[in-house]
file final20.pdb (PDB, C-alpha atoms, pLDDT in the B column)
ATOM      1  CA  MET A  40     -38.405   6.654  43.605  1.00 52.00           C
ATOM      2  CA  THR A  41     -34.937   5.195  44.190  1.00 55.00           C
ATOM      3  CA  ALA A  42     -31.815   7.048  43.109  1.00 55.00           C
ATOM      4  CA  VAL A  43     -29.384   5.033  41.027  1.00 53.00           C
ATOM      5  CA  THR A  44     -25.670   5.717  41.303  1.00 53.00           C
ATOM      6  CA  PRO A  45     -23.822   5.687  37.968  1.00 53.00           C
ATOM      7  CA  ASP A  46     -21.331   2.872  37.526  1.00 51.00           C
ATOM      8  CA  THR A  47     -18.026   4.718  37.114  1.00 48.00           C
ATOM      9  CA  THR A  48     -16.154   1.520  36.205  1.00 46.00           C
ATOM     10  CA  GLU A  49     -18.303   1.363  33.087  1.00 46.00           C
ATOM     11  CA  LEU A  50     -17.117   4.863  32.154  1.00 46.00           C
ATOM     12  CA  GLN A  51     -13.470   3.979  32.753  1.00 48.00           C
ATOM     13  CA  GLU A  52     -13.540   0.819  30.670  1.00 50.00           C
ATOM     14  CA  SER A  53     -15.232   2.289  27.617  1.00 46.00           C
ATOM     15  CA  PRO A  54     -12.855   2.246  24.644  1.00 49.00           C
ATOM     16  CA  MET A  55     -12.051   5.806  23.621  1.00 58.00           C
ATOM     17  CA  ALA A  56      -9.206   7.543  21.877  1.00 72.00           C
ATOM     18  CA  GLU A  57      -6.784   9.294  24.167  1.00 91.00           C
ATOM     19  CA  ALA A  58      -5.133  12.664  23.759  1.00 94.00           C
ATOM     20  CA  GLU A  59      -1.382  12.372  23.273  1.00 95.00           C
ATOM     21  CA  MET A  60       1.027  14.223  25.545  1.00 94.00           C
ATOM     22  CA  TRP A  61       3.020  16.982  23.826  1.00 95.00           C
ATOM     23  CA  LYS A  62       1.025  16.535  20.608  1.00 96.00           C
ATOM     24  CA  THR A  63      -0.216  19.624  18.748  1.00 97.00           C
ATOM     25  CA  TYR A  64      -3.942  19.969  18.024  1.00 97.00           C
ATOM     26  CA  ARG A  65      -6.271  22.565  16.519  1.00 97.00           C
ATOM     27  CA  TYR A  66      -8.905  23.466  19.111  1.00 96.00           C
ATOM     28  CA  ASN A  67     -11.473  26.252  18.677  1.00 93.00           C
ATOM     29  CA  GLY A  68      -9.303  27.956  16.055  1.00 93.00           C
ATOM     30  CA  PHE A  69      -6.092  27.839  18.126  1.00 94.00           C
ATOM     31  CA  ARG A  70      -2.998  25.657  18.039  1.00 96.00           C
ATOM     32  CA  VAL A  71      -2.702  23.940  21.421  1.00 97.00           C
ATOM     33  CA  MET A  72      -0.539  21.278  23.028  1.00 97.00           C
ATOM     34  CA  VAL A  73      -1.556  18.721  25.660  1.00 97.00           C
ATOM     35  CA  ILE A  74       0.740  19.405  28.629  1.00 96.00           C
ATOM     36  CA  GLN A  75      -0.855  17.300  31.393  1.00 96.00           C
ATOM     37  CA  GLN A  76      -3.194  14.315  31.811  1.00 96.00           C
ATOM     38  CA  TRP A  77      -4.820  12.914  34.959  1.00 96.00           C
ATOM     39  CA  ASP A  78      -7.927  11.221  36.345  1.00 96.00           C
ATOM     40  CA  ASP A  79     -10.253  13.355  38.459  1.00 95.00           C
ATOM     41  CA  PRO A  80     -11.530  11.977  41.814  1.00 95.00           C
ATOM     42  CA  PHE A  81     -14.472  10.357  39.975  1.00 95.00           C
ATOM     43  CA  GLY A  82     -12.230   8.488  37.511  1.00 95.00           C
ATOM     44  CA  ARG A  83     -12.854  10.783  34.544  1.00 96.00           C
ATOM     45  CA  ARG A  84      -9.901  11.543  32.264  1.00 96.00           C
ATOM     46  CA  MET A  85      -8.767  15.170  32.245  1.00 97.00           C
ATOM     47  CA  VAL A  86      -6.285  17.107  30.114  1.00 97.00           C
ATOM     48  CA  ARG A  87      -4.576  20.461  30.444  1.00 97.00           C
ATOM     49  CA  ILE A  88      -3.892  22.245  27.179  1.00 97.00           C
ATOM     50  CA  GLU A  89      -1.695  25.250  26.484  1.00 96.00           C
ATOM     51  CA  SER A  90      -1.959  27.682  23.585  1.00 96.00           C
ATOM     52  CA  LEU A  91       1.004  27.723  21.221  1.00 95.00           C
ATOM     53  CA  ASP A  92      -0.202  30.847  19.418  1.00 91.00           C
ATOM     54  CA  ASP A  93       0.601  33.148  22.348  1.00 90.00           C
ATOM     55  CA  GLY A  94       3.726  31.524  23.731  1.00 84.00           C
ATOM     56  CA  GLY A  95       1.835  29.446  26.294  1.00 81.00           C
ATOM     57  CA  GLU A  96       0.262  32.340  28.177  1.00 88.00           C
ATOM     58  CA  HIS A  97      -3.163  30.688  28.095  1.00 92.00           C
ATOM     59  CA  ALA A  98      -3.842  27.211  29.449  1.00 95.00           C
ATOM     60  CA  THR A  99      -6.931  25.396  30.664  1.00 96.00           C
ATOM     61  CA  GLY A 100      -8.025  22.013  31.948  1.00 97.00           C
ATOM     62  CA  MET A 101     -11.048  20.046  30.757  1.00 97.00           C
ATOM     63  CA  PHE A 102     -12.517  16.588  30.339  1.00 97.00           C
ATOM     64  CA  GLU A 103     -10.504  14.656  27.786  1.00 97.00           C
ATOM     65  CA  ALA A 104     -13.698  13.539  26.001  1.00 96.00           C
ATOM     66  CA  ASP A 105     -14.814  17.168  25.544  1.00 96.00           C
ATOM     67  CA  PHE A 106     -11.407  18.121  24.183  1.00 97.00           C
ATOM     68  CA  LEU A 107     -11.246  15.196  21.747  1.00 97.00           C
ATOM     69  CA  ARG A 108     -14.751  15.904  20.464  1.00 96.00           C
ATOM     70  CA  ASP A 109     -13.618  19.297  19.082  1.00 96.00           C
ATOM     71  CA  ALA A 110      -9.847  18.899  18.640  1.00 97.00           C
ATOM     72  CA  GLU A 111      -8.121  17.976  15.382  1.00 96.00           C
ATOM     73  CA  PRO A 112      -4.583  16.552  15.490  1.00 96.00           C
ATOM     74  CA  GLU A 113      -1.989  18.355  13.392  1.00 94.00           C
TER      75      GLU A 113
END
call {"tool": "encode", "arguments": {"input": "final20.pdb", "output": "structure tokens"}}
result
Amino acid sequence: MTAVTPDTTELQESPMAEAEMWKTYRYNGFRVMVIQQWDDPFGRRMVRIESLDDGGEHATGMFEADFLRDAEPE
């Protein structure tokens, strides 16, 4: 059996909504703001979000697609 490498250019070129910097979203019951965006070494879009409900004490990074699947813009 031959291993097939995924075509990362196909992932990069797929049309998808993007998270907006400094925009407020509802995510898992919390108000959060997108504070950073970048591409990981494999070309996947990443975001860092910060909680507004606790004065920004909690922040996390994740795949942008995962965030957008569950986030609702305010």
call {"tool": "resolve_selection", "arguments": {"input": "final20.pdb", "expression": "the PyMOL selection byres ((chain A and resi 64) around 8)", "output": "VMD selection string"}}
result
chain A and resid 62 to 63 65 to 66 70 to 72 110 to 113
call {"tool": "atom_distance", "arguments": {"input": "final20.pdb", "atom1": "CA of Leu91 in chain A", "atom2": "CA of Val73 in chain A"}}
result
10.4 Å
call {"tool": "resolve_selection", "arguments": {"input": "final20.pdb", "expression": "the PyMOL selection byres ((chain A and resi 60) around 10)", "output": "ChimeraX atom specification"}}
result
/A:57-59,61-63,72-76,86-88
call {"tool": "atom_distance", "arguments": {"input": "final20.pdb", "atom1": "CA of Asn67 in chain A", "atom2": "CA of Asp93 in chain A"}}
result
14.4 Å
call {"tool": "atom_distance", "arguments": {"input": "final20.pdb", "atom1": "CA of Leu107 in chain A", "atom2": "CA of Arg84 in chain A"}}
result
11.2 Å
call {"tool": "resolve_selection", "arguments": {"input": "final20.pdb", "expression": "the PyMOL selection byres ((chain A and resi 78) around 12)", "output": "number ranges by chain"}}
result
A: 50-51, 75-77, 79-87, 100-103
